[in-house]
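Visitor: Provided herewith: structure15.cif, mmCIF, C-alpha atoms.
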data_structure
#
loop_
_atom_site.group_PDB
_atom_site.id
_atom_site.type_symbol
_atom_site.label_atom_id
_atom_site.label_comp_id
_atom_site.auth_asym_id
_atom_site.auth_seq_id
_atom_site.Cartn_x
_atom_site.Cartn_y
_atom_site.Cartn_z
ATOM 1 C CA MET A 25 0.000 0.000 0.000
ATOM 2 C CA LYS A 26 1.380 3.392 -0.944
ATOM 3 C CA PRO A 27 1.135 5.589 2.160
ATOM 4 C CA GLN A 28 -0.019 8.584 0.114
ATOM 5 C CA HIS A 29 -3.163 6.646 -0.950
ATOM 6 C CA LYS A 30 -4.125 5.489 2.526
ATOM 7 C CA HIS A 31 -7.454 7.354 2.530
ATOM 8 C CA THR A 32 -8.448 5.786 -0.796
ATOM 9 C CA THR A 33 -7.713 2.257 0.426
ATOM 10 C CA ALA A 34 -9.362 2.928 3.809
ATOM 11 C CA ALA A 35 -12.542 4.246 2.149
ATOM 12 C CA ARG A 36 -12.655 1.257 -0.204
ATOM 13 C CA PHE A 37 -12.249 -1.124 2.741
ATOM 14 C CA LEU A 38 -15.106 0.572 4.580
ATOM 15 C CA GLY A 39 -17.208 0.564 1.392
ATOM 16 C CA GLU A 40 -16.841 -3.221 1.156
ATOM 17 C CA HIS A 41 -18.541 -3.516 4.557
ATOM 18 C CA ALA A 42 -21.340 -1.142 3.612
ATOM 19 C CA LEU A 43 -22.619 -3.152 0.672
ATOM 20 C CA PRO A 44 -24.174 -6.607 0.646
ATOM 21 C CA SER A 45 -21.968 -9.320 -0.779
ATOM 22 C CA GLU A 46 -22.920 -11.395 -3.838
ATOM 23 C CA ASP A 47 -23.961 -14.250 -1.521
ATOM 24 C CA GLU A 48 -26.080 -11.917 0.597
ATOM 25 C CA ILE A 49 -27.920 -10.759 -2.536
ATOM 26 C CA ASP A 50 -28.520 -14.369 -3.566
ATOM 27 C CA ALA A 51 -29.913 -15.154 -0.113
ATOM 28 C CA MET A 52 -32.354 -12.190 -0.109
ATOM 29 C CA SER A 53 -36.058 -12.970 -0.066
ATOM 30 C CA PRO A 54 -38.205 -11.285 -2.779
ATOM 31 C CA THR A 55 -39.358 -8.722 -0.185
ATOM 32 C CA GLU A 56 -35.790 -7.923 0.937
ATOM 33 C CA LEU A 57 -34.674 -7.706 -2.677
ATOM 34 C CA ALA A 58 -37.500 -5.333 -3.553
ATOM 35 C CA LYS A 59 -36.599 -3.158 -0.542
ATOM 36 C CA PHE A 60 -32.899 -3.103 -1.508
ATOM 37 C CA LEU A 61 -33.764 -2.104 -5.077
ATOM 38 C CA ALA A 62 -36.239 0.558 -3.941
ATOM 39 C CA ASP A 63 -33.676 1.971 -1.444
ATOM 40 C CA ASN A 64 -31.261 2.320 -4.347
ATOM 41 C CA GLY A 65 -33.580 4.244 -6.601
ATOM 42 C CA VAL A 66 -34.858 1.401 -8.784
ATOM 43 C CA ASP A 67 -38.506 1.679 -9.749
ATOM 44 C CA VAL A 68 -39.480 -1.817 -8.586
ATOM 45 C CA ALA A 69 -42.980 -1.667 -10.115
ATOM 46 C CA LYS A 70 -41.480 -0.751 -13.499
ATOM 47 C CA LEU A 71 -38.825 -3.450 -13.162
ATOM 48 C CA ASN A 72 -41.490 -6.039 -12.287
ATOM 49 C CA ALA A 73 -43.518 -4.952 -15.321
ATOM 50 C CA GLU A 74 -40.458 -5.375 -17.552
ATOM 51 C CA ASN A 75 -39.302 -8.576 -15.874
ATOM 52 C CA PRO A 76 -41.305 -11.031 -18.018
ATOM 53 C CA LYS A 77 -39.948 -9.372 -21.182
ATOM 54 C CA LEU A 78 -36.337 -9.467 -19.932
ATOM 55 C CA GLU A 79 -36.636 -12.994 -18.573
ATOM 56 C CA SER A 80 -38.136 -14.199 -21.837
ATOM 57 C CA GLN A 81 -35.242 -12.441 -23.619
ATOM 58 C CA LEU A 82 -32.852 -14.303 -21.291
ATOM 59 C CA LYS A 83 -34.540 -17.651 -22.059
ATOM 60 C CA GLY A 84 -34.347 -16.874 -25.794
ATOM 61 C CA LYS A 85 -30.654 -16.045 -25.534
ATOM 62 C CA MET A 86 -29.977 -19.225 -23.568
ATOM 63 C CA THR A 87 -31.832 -21.368 -26.118
ATOM 64 C CA LEU A 88 -29.852 -19.730 -28.917
ATOM 65 C CA ALA A 89 -26.553 -20.178 -27.086
ATOM 66 C CA TRP A 90 -27.348 -23.837 -26.358
ATOM 67 C CA ALA A 91 -28.218 -24.432 -30.026
ATOM 68 C CA LYS A 92 -24.932 -22.797 -31.070
ATOM 69 C CA GLN A 93 -23.020 -24.879 -28.554
ATOM 70 C CA ALA A 94 -24.670 -28.103 -29.774
ATOM 71 C CA ARG A 95 -23.847 -27.159 -33.391
ATOM 72 C CA ARG A 96 -20.227 -26.420 -32.448
ATOM 73 C CA LYS A 97 -19.894 -29.743 -30.608
ATOM 74 C CA LYS A 98 -21.356 -31.593 -33.588
ATOM 75 C CA ALA A 99 -18.901 -29.891 -35.948
ATOM 76 C CA GLU A 100 -15.977 -30.776 -33.666
ATOM 77 C CA THR A 101 -16.916 -34.495 -33.394
ATOM 78 C CA PRO A 102 -15.107 -36.564 -36.090
ATOM 79 C CA PRO A 103 -17.353 -38.708 -38.307
ATOM 80 C CA PRO A 104 -17.580 -42.351 -37.103
ATOM 81 C CA SER A 105 -14.868 -44.460 -38.745
ATOM 82 C CA ALA A 106 -15.842 -47.524 -40.817
ATOM 83 C CA PRO A 107 -15.343 -50.909 -39.087
ATOM 84 C CA PRO A 108 -12.008 -52.528 -40.013
ATOM 85 C CA PRO A 109 -12.274 -55.051 -42.882
ATOM 86 C CA SER A 110 -12.132 -58.778 -42.106
ATOM 87 C CA GLN A 111 -9.098 -60.869 -43.098
ATOM 88 C CA ASP A 112 -11.001 -62.283 -46.119
ATOM 89 C CA GLU A 113 -11.955 -58.779 -47.242
ATOM 90 C CA MET A 114 -8.326 -57.648 -46.955
ATOM 91 C CA ILE A 115 -7.112 -60.631 -49.010
ATOM 92 C CA ALA A 116 -9.853 -59.989 -51.588
ATOM 93 C CA ALA A 117 -8.786 -56.342 -51.864
ATOM 94 C CA LEU A 118 -5.117 -57.357 -52.314
ATOM 95 C CA VAL A 119 -5.986 -59.971 -54.949
ATOM 96 C CA ALA A 120 -8.179 -57.414 -56.759
ATOM 97 C CA LYS A 121 -5.264 -54.982 -56.895
ATOM 98 C CA TYR A 122 -2.378 -57.378 -57.703
ATOM 99 C CA GLY A 123 -4.220 -60.127 -59.619
ATOM 100 C CA ARG A 124 -2.726 -63.066 -57.696
ATOM 101 C CA ILE A 125 -1.271 -63.359 -54.220
ATOM 102 C CA GLU A 126 2.137 -64.117 -55.800
ATOM 103 C CA ASN A 127 2.192 -60.669 -57.354
ATOM 104 C CA ILE A 128 2.213 -59.034 -53.932
ATOM 105 C CA PRO A 129 5.635 -57.400 -53.274
ATOM 106 C CA LEU A 130 8.290 -59.927 -52.286
ATOM 107 C CA ALA A 131 8.713 -58.744 -48.725
ATOM 108 C CA ALA A 132 5.122 -59.586 -48.030
ATOM 109 C CA ARG A 133 4.880 -62.975 -49.734
ATOM 110 C CA ASN A 134 5.350 -65.169 -46.688
ATOM 111 C CA PHE A 135 1.608 -65.070 -46.217
ATOM 112 C CA ALA A 136 1.217 -68.715 -45.114
ATOM 113 C CA LYS A 137 2.520 -67.680 -41.666
ATOM 114 C CA MET A 138 0.836 -64.267 -41.639
ATOM 115 C CA THR A 139 -1.345 -63.350 -38.658
ATOM 116 C CA LYS A 140 -4.390 -61.114 -38.870
ATOM 117 C CA ASP A 141 -2.240 -58.168 -37.727
ATOM 118 C CA ASP A 142 0.277 -58.863 -40.520
ATOM 119 C CA TRP A 143 -2.559 -58.833 -43.037
ATOM 120 C CA ALA A 144 -3.884 -55.609 -41.583
ATOM 121 C CA SER A 145 -0.410 -54.048 -41.876
ATOM 122 C CA LEU A 146 -0.042 -55.270 -45.473
ATOM 123 C CA TYR A 147 -3.536 -54.028 -46.305
ATOM 124 C CA ALA A 148 -2.758 -50.640 -44.786
ATOM 125 C CA ASP A 149 0.505 -50.339 -46.745
ATOM 126 C CA LEU A 150 -0.648 -51.644 -50.110
ATOM 127 C CA ILE A 151 -4.317 -50.695 -50.300
ATOM 128 C CA LEU A 152 -4.983 -47.818 -47.946
ATOM 129 C CA ARG A 153 -1.691 -45.967 -48.557
ATOM 130 C CA GLY A 154 -1.455 -47.269 -52.134
ATOM 131 C CA LYS A 155 2.198 -48.360 -52.011
ATOM 132 C CA MET B 296 -36.363 -12.844 -9.793
ATOM 133 C CA VAL B 297 -33.152 -13.428 -11.817
ATOM 134 C CA VAL B 298 -33.344 -9.978 -13.400
ATOM 135 C CA ALA B 299 -34.027 -8.379 -10.001
ATOM 136 C CA LYS B 300 -30.996 -10.146 -8.469
ATOM 137 C CA LEU B 301 -28.791 -9.146 -11.390
ATOM 138 C CA THR B 302 -29.999 -5.546 -11.042
ATOM 139 C CA ALA B 303 -29.119 -5.633 -7.326
ATOM 140 C CA TYR B 304 -25.696 -7.036 -8.231
ATOM 141 C CA ALA B 305 -25.201 -4.252 -10.806
ATOM 142 C CA ILE B 306 -26.032 -1.681 -8.117
ATOM 143 C CA ILE B 307 -23.305 -2.929 -5.776
ATOM 144 C CA VAL B 308 -20.767 -3.071 -8.620
ATOM 145 C CA ILE B 309 -21.568 0.543 -9.553
ATOM 146 C CA LYS B 310 -21.314 1.646 -5.911
ATOM 147 C CA ARG B 311 -18.018 -0.187 -5.383
ATOM 148 C CA ARG B 312 -16.305 1.115 -8.492
ATOM 149 C CA SER B 313 -17.651 4.670 -8.637
ATOM 150 C CA GLY B 314 -15.390 7.412 -7.332
ATOM 151 C CA PRO B 315 -14.089 10.951 -7.765
ATOM 152 C CA THR B 316 -11.889 10.190 -10.798
ATOM 153 C CA ARG B 317 -13.118 10.872 -14.331
ATOM 154 C CA ASN B 318 -13.837 7.180 -14.911
ATOM 155 C CA GLY B 319 -15.305 6.810 -11.427
ATOM 156 C CA ARG B 320 -17.801 9.580 -12.163
ATOM 157 C CA LEU B 321 -18.764 7.903 -15.434
ATOM 158 C CA ILE B 322 -19.454 4.714 -13.473
ATOM 159 C CA ALA B 323 -21.562 6.597 -10.911
ATOM 160 C CA LYS B 324 -23.852 7.687 -13.764
ATOM 161 C CA LEU B 325 -24.402 4.132 -15.075
ATOM 162 C CA ASP B 326 -27.854 2.614 -14.899
ATOM 163 C CA ALA B 327 -27.997 -0.798 -13.201
ATOM 164 C CA LYS B 328 -30.770 -2.091 -15.464
ATOM 165 C CA ASP B 329 -28.851 -1.040 -18.597
ATOM 166 C CA LEU B 330 -25.917 -3.116 -17.350
ATOM 167 C CA VAL B 331 -28.197 -6.152 -17.032
ATOM 168 C CA VAL B 332 -29.543 -5.650 -20.559
ATOM 169 C CA HIS B 333 -25.969 -5.297 -21.858
ATOM 170 C CA ALA B 334 -24.934 -8.496 -20.064
ATOM 171 C CA LEU B 335 -27.865 -10.303 -21.718
ATOM 172 C CA SER B 336 -26.731 -9.064 -25.126
ATOM 173 C CA ARG B 337 -23.297 -10.645 -24.479
ATOM 174 C CA LEU B 338 -24.735 -14.043 -23.700
ATOM 175 C CA THR B 339 -24.612 -15.400 -27.257
ATOM 176 C CA GLU B 340 -20.830 -15.050 -27.220
ATOM 177 C CA LEU B 341 -20.427 -17.663 -24.491
ATOM 178 C CA PRO B 342 -18.155 -20.568 -25.367
ATOM 179 C CA SER B 343 -20.204 -23.012 -23.304
ATOM 180 C CA LEU B 344 -23.368 -23.144 -21.294
ATOM 181 C CA GLU B 345 -23.920 -25.919 -18.830
ATOM 182 C CA ASP B 346 -26.745 -24.925 -16.545
ATOM 183 C CA GLY B 347 -28.795 -21.999 -15.325
ATOM 184 C CA GLU B 348 -26.414 -21.266 -12.440
ATOM 185 C CA ALA B 349 -23.431 -21.054 -14.805
ATOM 186 C CA VAL B 350 -25.377 -18.610 -16.972
ATOM 187 C CA TYR B 351 -26.235 -16.517 -13.906
ATOM 188 C CA PHE B 352 -22.555 -16.319 -12.874
ATOM 189 C CA GLN B 353 -21.544 -15.546 -16.455
ATOM 190 C CA LEU B 354 -24.036 -12.673 -16.556
ATOM 191 C CA ARG B 355 -22.610 -11.334 -13.288
ATOM 192 C CA ARG B 356 -19.107 -11.483 -14.771
ATOM 193 C CA HIS B 357 -20.314 -9.560 -17.841
ATOM 194 C CA ILE B 358 -21.744 -6.862 -15.555
ATOM 195 C CA ASP B 359 -18.512 -6.606 -13.548
ATOM 196 C CA ASN B 360 -16.290 -6.678 -16.656
ATOM 197 C CA ARG B 361 -18.242 -3.858 -18.279
ATOM 198 C CA VAL B 362 -17.817 -1.580 -15.246
ATOM 199 C CA ARG B 363 -14.182 -2.606 -14.675
ATOM 200 C CA THR B 364 -13.357 -1.779 -18.295
ATOM 201 C CA ILE B 365 -14.670 1.751 -17.764
ATOM 202 C CA GLN B 366 -12.782 2.046 -14.476
ATOM 203 C CA LYS B 367 -9.457 0.952 -15.963
ATOM 204 C CA GLN B 368 -9.598 2.784 -19.293
ATOM 205 C CA LYS B 369 -6.796 5.284 -19.796
ATOM 206 C CA THR B 370 -7.937 8.848 -19.423
ATOM 207 C CA GLU B 371 -4.709 10.411 -20.635
ATOM 208 C CA PRO B 372 -2.347 8.662 -23.056
ATOM 209 C CA THR B 373 1.202 8.075 -21.794
ATOM 210 C CA LEU B 374 3.398 10.441 -23.805
ATOM 211 C CA LEU B 375 7.043 9.575 -24.302
ATOM 212 C CA PRO B 376 9.413 12.426 -25.103
ATOM 213 C CA LEU B 377 11.225 11.541 -28.342
ATOM 214 C CA ALA B 378 14.017 13.707 -29.706
ATOM 215 C CA THR B 379 17.160 13.498 -31.798
ATOM 216 C CA GLU B 380 20.663 14.828 -31.335
ATOM 217 C CA VAL B 381 23.610 15.217 -33.682
ATOM 218 C CA GLY B 382 26.108 12.379 -33.301
ATOM 219 C CA GLU B 383 29.908 12.340 -33.718
ATOM 220 C CA GLU B 384 29.921 12.366 -37.526
ATOM 221 C CA GLY B 385 27.247 14.974 -37.848
ATOM 222 C CA ILE B 386 24.533 12.325 -38.221
ATOM 223 C CA GLU B 387 21.287 12.829 -36.388
ATOM 224 C CA VAL B 388 20.563 9.989 -33.935
ATOM 225 C CA ALA B 389 17.558 9.339 -31.703
ATOM 226 C CA ILE B 390 17.960 10.020 -28.001
ATOM 227 C CA GLU B 391 17.030 7.021 -25.836
ATOM 228 C CA PRO B 392 13.350 7.419 -24.966
ATOM 229 C CA ALA B 393 12.335 7.813 -21.353
ATOM 230 C CA ASP B 394 11.172 4.735 -19.431
ATOM 231 C CA GLU B 395 7.769 3.887 -20.882
ATOM 232 C CA ASN B 396 6.794 2.141 -17.625
ATOM 233 C CA ALA B 397 7.395 5.269 -15.575
ATOM 234 C CA GLU B 398 4.314 6.569 -13.784
ATOM 235 C CA ASN B 399 2.337 8.999 -15.884
ATOM 236 C CA PRO B 400 2.282 12.395 -14.077
ATOM 237 C CA ALA B 401 -1.392 12.785 -15.069
ATOM 238 C CA ASP B 402 -2.260 9.471 -13.393
ATOM 239 C CA ALA B 403 -0.265 10.399 -10.284
ATOM 240 C CA ALA B 404 -2.091 13.759 -10.045
ATOM 241 C CA GLU B 405 -5.445 12.000 -10.404
ATOM 242 C CA GLN B 406 -4.574 9.490 -7.665
ATOM 243 C CA SER B 407 -3.537 12.325 -5.387
ATOM 244 C CA ALA B 408 -6.837 14.160 -6.040
ATOM 245 C CA GLU B 409 -8.697 10.895 -5.415
ATOM 246 C CA ASP B 410 -6.971 10.488 -2.051
ATOM 247 C CA ASP B 411 -7.861 14.095 -1.107
ATOM 248 C CA PHE B 412 -11.496 13.323 -1.943
ATOM 249 C CA TYR B 413 -11.508 10.248 0.291
ATOM 250 C CA ARG B 414 -9.687 12.131 3.101
ATOM 251 C CA ASP B 415 -12.526 14.690 3.057
ATOM 252 C CA ALA B 416 -15.131 11.909 2.866
ATOM 253 C CA LEU B 417 -13.646 10.097 5.877
ATOM 254 C CA ASN B 418 -13.460 13.365 7.860
ATOM 255 C CA GLU B 419 -17.135 13.957 7.035
ATOM 256 C CA THR B 420 -17.908 10.390 8.088
ATOM 257 C CA LYS B 421 -16.278 10.917 11.475
ATOM 258 C CA LYS B 422 -18.411 14.031 12.000
ATOM 259 C CA LYS B 423 -21.525 11.838 11.777
ATOM 260 C CA PHE B 424 -20.553 10.193 15.067
ATOM 261 C CA LYS B 425 -19.656 11.326 18.596
ATOM 262 C CA PRO B 426 -16.187 12.969 18.669
ATOM 263 C CA GLY B 427 -13.630 10.541 20.074
ATOM 264 C CA GLY B 428 -16.207 7.722 20.044
ATOM 265 C CA ALA B 429 -15.708 4.127 18.924
ATOM 266 C CA GLU B 430 -16.705 4.899 15.317
ATOM 267 C CA ALA B 431 -14.133 7.693 15.000
ATOM 268 C CA LYS B 432 -11.447 5.494 16.588
ATOM 269 C CA LEU B 433 -12.245 2.662 14.179
ATOM 270 C CA THR B 434 -12.040 5.029 11.201
ATOM 271 C CA ASP B 435 -8.629 6.288 12.352
ATOM 272 C CA LEU B 436 -7.301 2.748 12.800
ATOM 273 C CA ILE B 437 -8.439 1.820 9.290
ATOM 274 C CA ILE B 438 -6.833 4.956 7.847
ATOM 275 C CA ASP B 439 -3.621 3.922 9.638
ATOM 276 C CA GLY B 440 -3.718 0.649 7.713
ATOM 277 C CA TRP B 441 -5.217 -1.776 10.242
ATOM 278 C CA ARG B 442 -7.408 -4.401 8.553
ATOM 279 C CA ASP B 443 -7.461 -7.511 10.730
ATOM 280 C CA ARG B 444 -10.701 -7.984 12.676
ATOM 281 C CA GLN B 445 -8.975 -9.562 15.691
ATOM 282 C CA ASP B 446 -6.186 -6.947 15.853
ATOM 283 C CA ILE B 447 -8.641 -4.043 15.656
ATOM 284 C CA SER B 448 -10.884 -5.630 18.310
ATOM 285 C CA GLU B 449 -7.905 -5.917 20.678
ATOM 286 C CA LEU B 450 -6.653 -2.401 19.964
ATOM 287 C CA MET B 451 -10.127 -0.997 20.662
ATOM 288 C CA ASN B 452 -10.738 -3.355 23.574
ATOM 289 C CA ILE B 453 -14.026 -4.576 22.097
ATOM 290 C CA THR B 454 -15.361 -8.022 21.147
ATOM 291 C CA PRO B 455 -15.122 -9.168 17.498
ATOM 292 C CA HIS B 456 -18.934 -9.153 17.408
ATOM 293 C CA HIS B 457 -18.943 -5.494 18.474
ATOM 294 C CA TYR B 458 -16.383 -4.854 15.708
ATOM 295 C CA ASP B 459 -18.765 -6.402 13.145
ATOM 296 C CA VAL B 460 -21.554 -4.074 14.236
ATOM 297 C CA LEU B 461 -19.256 -1.024 14.256
ATOM 298 C CA ILE B 462 -17.629 -1.693 10.862
ATOM 299 C CA LYS B 463 -21.041 -2.115 9.236
ATOM 300 C CA ARG B 464 -22.250 1.158 10.777
ATOM 301 C CA VAL B 465 -19.115 3.125 9.847
ATOM 302 C CA GLY B 466 -18.991 1.489 6.382
ATOM 303 C CA ARG B 467 -22.564 2.500 5.602
ATOM 304 C CA ALA B 468 -21.926 6.044 6.788
ATOM 305 C CA ALA B 469 -18.722 6.283 4.703
ATOM 306 C CA GLN B 470 -20.521 4.966 1.616
ATOM 307 C CA ALA B 471 -23.393 7.421 2.090
ATOM 308 C CA VAL B 472 -20.949 10.344 2.502
ATOM 309 C CA LYS B 473 -19.000 9.261 -0.589
ATOM 310 C CA GLU B 474 -22.181 9.134 -2.683
ATOM 311 C CA GLU B 475 -23.330 12.503 -1.319
ATOM 312 C CA LEU B 476 -19.955 14.138 -2.097
ATOM 313 C CA LEU B 477 -19.931 12.617 -5.571
ATOM 314 C CA ARG B 478 -23.412 14.040 -6.233
ATOM 315 C CA ARG B 479 -22.370 17.446 -4.852
ATOM 316 C CA LYS B 480 -19.065 17.637 -6.708
ATOM 317 C CA THR B 481 -20.199 16.188 -10.057
ATOM 318 C CA PRO B 482 -20.709 19.000 -12.519
#
Any chance you could give the structure as structure tokens?
Guide:
Amino acid sequence: MKPQHKHTTAARFLGEHALPSEDEIDAMSPTELAKFLADNGVDVAKLNAENPKLESQLKGKMTLAWAKQARRKKAETPPPSAPPPSQDEMIAALVAKYGRIENIPLAARNFAKMTKDDWASLYADLILRGK
Amino acid sequence: MVVAKLTAYAIIVIKRRSGPTRNGRLIAKLDAKDLVVHALSRLTELPSLEDGEAVYFQLRRHIDNRVRTIQKQKTEPTLLPLATEVGEEGIEVAIEPADENAENPADAAEQSAEDDFYRDALNETKKKFKPGGAEAKLTDLIIDGWRDRQDISELMNITPHHYDVLIKRVGRAAQAVKEELLRRKTP
């Protein structure tokens, strides 16, 4: 605290104790709230008359914001990926591309011992990535 | 009920942030209901909305942000003296600018005027109570920088509960004097 501003900080500290806190406002009954507003120069009757309009505006804004949020979430979600092909489908795709299994690149010809994962790797390299 | 609570919240934000400075006087003239309507207009820009309570807190933040922006806006731009001098070979070179983080004299003058305003307000507040009474003593202790409830209670030889009653009474009087002075001194 700068000593030359001690009155400013003191007045602000006192001001904090003069006003209701956010929680105190939330805990006010409708009668207490109306009294607080009236004491502070708010035309409560006018505010009550305008309340339905403002609250309906609030509901409208919330509906709009929710719709926007739902749209944004939908746009951010990636499209569902297709189920992985079965081993037979992978072999069929390879045969369709290379004619016969023997035409598959040499490194991949040991297919008699190939597991499903090996086929999936071969399928990914030769069909999906088009090597 | 929501609009009424938000209006009450806007009132306390205006009262807290109003003051004798140029921006503080602008805040004092704000209308609480206009702040609520403005906060509603900002609602569509929310990144996410989870439930009614979150919306209520978001609206309160919009109200506070709006007033804080006015309070913090620069009234006078910070001017840096820039000049050139002739160097060794007759070439004009720029002189090092002054420290741009140095306190702006205009801001310092405004803070000093603000403190004078609050000194007068606190003197007026003390006059509302018995001279030399507990309220005046409490005001002096707070001006001297005391803030802790327990410390002040011990220094004044009162119970913490008595302190709570006193601080509320003195706080309300100080707030009322501040508002009265602002009304009187606002052109």
Visitor: Between B:Arg414, B:Arg479, B:Lys423, B:Arg337, which residue has the minimum interatomic distance to chain A, considering all atoms listed in the file?
Guide: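 Once distances to chain A are computed over all atoms listed in the file, the minimum belongs to B:Arg414.
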Visitor: Hey, list the chain A side of the contact with chain B: 8 Å cut-off, only C-alpha atoms, answer as a ChimeraX atom specification.
Guide: /A:28-36,38-44,46,49-50,54,57-58,60-61,64,71,75,78-79,81-82,85-86,88-90,93
Visitor: Just give me the gap between atom CA of A:Arg153 and atom CA of A:Glu100 in Å, one decimal is fine.
Guide: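 Atom-to-atom, atom CA of A:Arg153 and atom CA of A:Glu100 are spaced 25.6 Å apart.
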Visitor: Please write out, as AutoDock Vina command-line options, where the centre of an axis-aligned box around all listed atoms of stretch 31-40 of chain A lies and how long its edges are, in Å to one decimal, after adding 3 Å on each side.
Guide:
--center_x -12.3 --center_y 2.1 --center_z 1.9 --size_x 15.8 --size_y 16.6 --size_z 11.4
Visitor: Would you write out, as an MDAnalysis selection string, every residue that the PyMOL selection byres ((chain B and resi 359-366) around 8) captures in this file?
Guide: chainID B and resid 305 308:309 312 318:319 321:322 330 355:358 367:368
Visitor: For the selection you just gave me, I'd like the residues written to a file as a PDB file, in the coordinates of the input, keeping C-alpha atoms.
Guide:
ATOM      1  CA  ALA B 305     -25.201  -4.252 -10.806  1.00  0.00           C
ATOM      2  CA  VAL B 308     -20.767  -3.071  -8.620  1.00  0.00           C
ATOM      3  CA  ILE B 309     -21.568   0.543  -9.553  1.00  0.00           C
ATOM      4  CA  ARG B 312     -16.305   1.115  -8.492  1.00  0.00           C
ATOM      5  CA  ASN B 318     -13.837   7.180 -14.911  1.00  0.00           C
ATOM      6  CA  GLY B 319     -15.305   6.810 -11.427  1.00  0.00           C
ATOM      7  CA  LEU B 321     -18.764   7.903 -15.434  1.00  0.00           C
ATOM      8  CA  ILE B 322     -19.454   4.714 -13.473  1.00  0.00           C
ATOM      9  CA  LEU B 330     -25.917  -3.116 -17.350  1.00  0.00           C
ATOM     10  CA  ARG B 355     -22.610 -11.334 -13.288  1.00  0.00           C
ATOM     11  CA  ARG B 356     -19.107 -11.483 -14.771  1.00  0.00           C
ATOM     12  CA  HIS B 357     -20.314  -9.560 -17.841  1.00  0.00           C
ATOM     13  CA  ILE B 358     -21.744  -6.862 -15.555  1.00  0.00           C
ATOM     14  CA  LYS B 367      -9.457   0.952 -15.963  1.00  0.00           C
ATOM     15  CA  GLN B 368      -9.598   2.784 -19.293  1.00  0.00           C
TER      16      GLN B 368
END
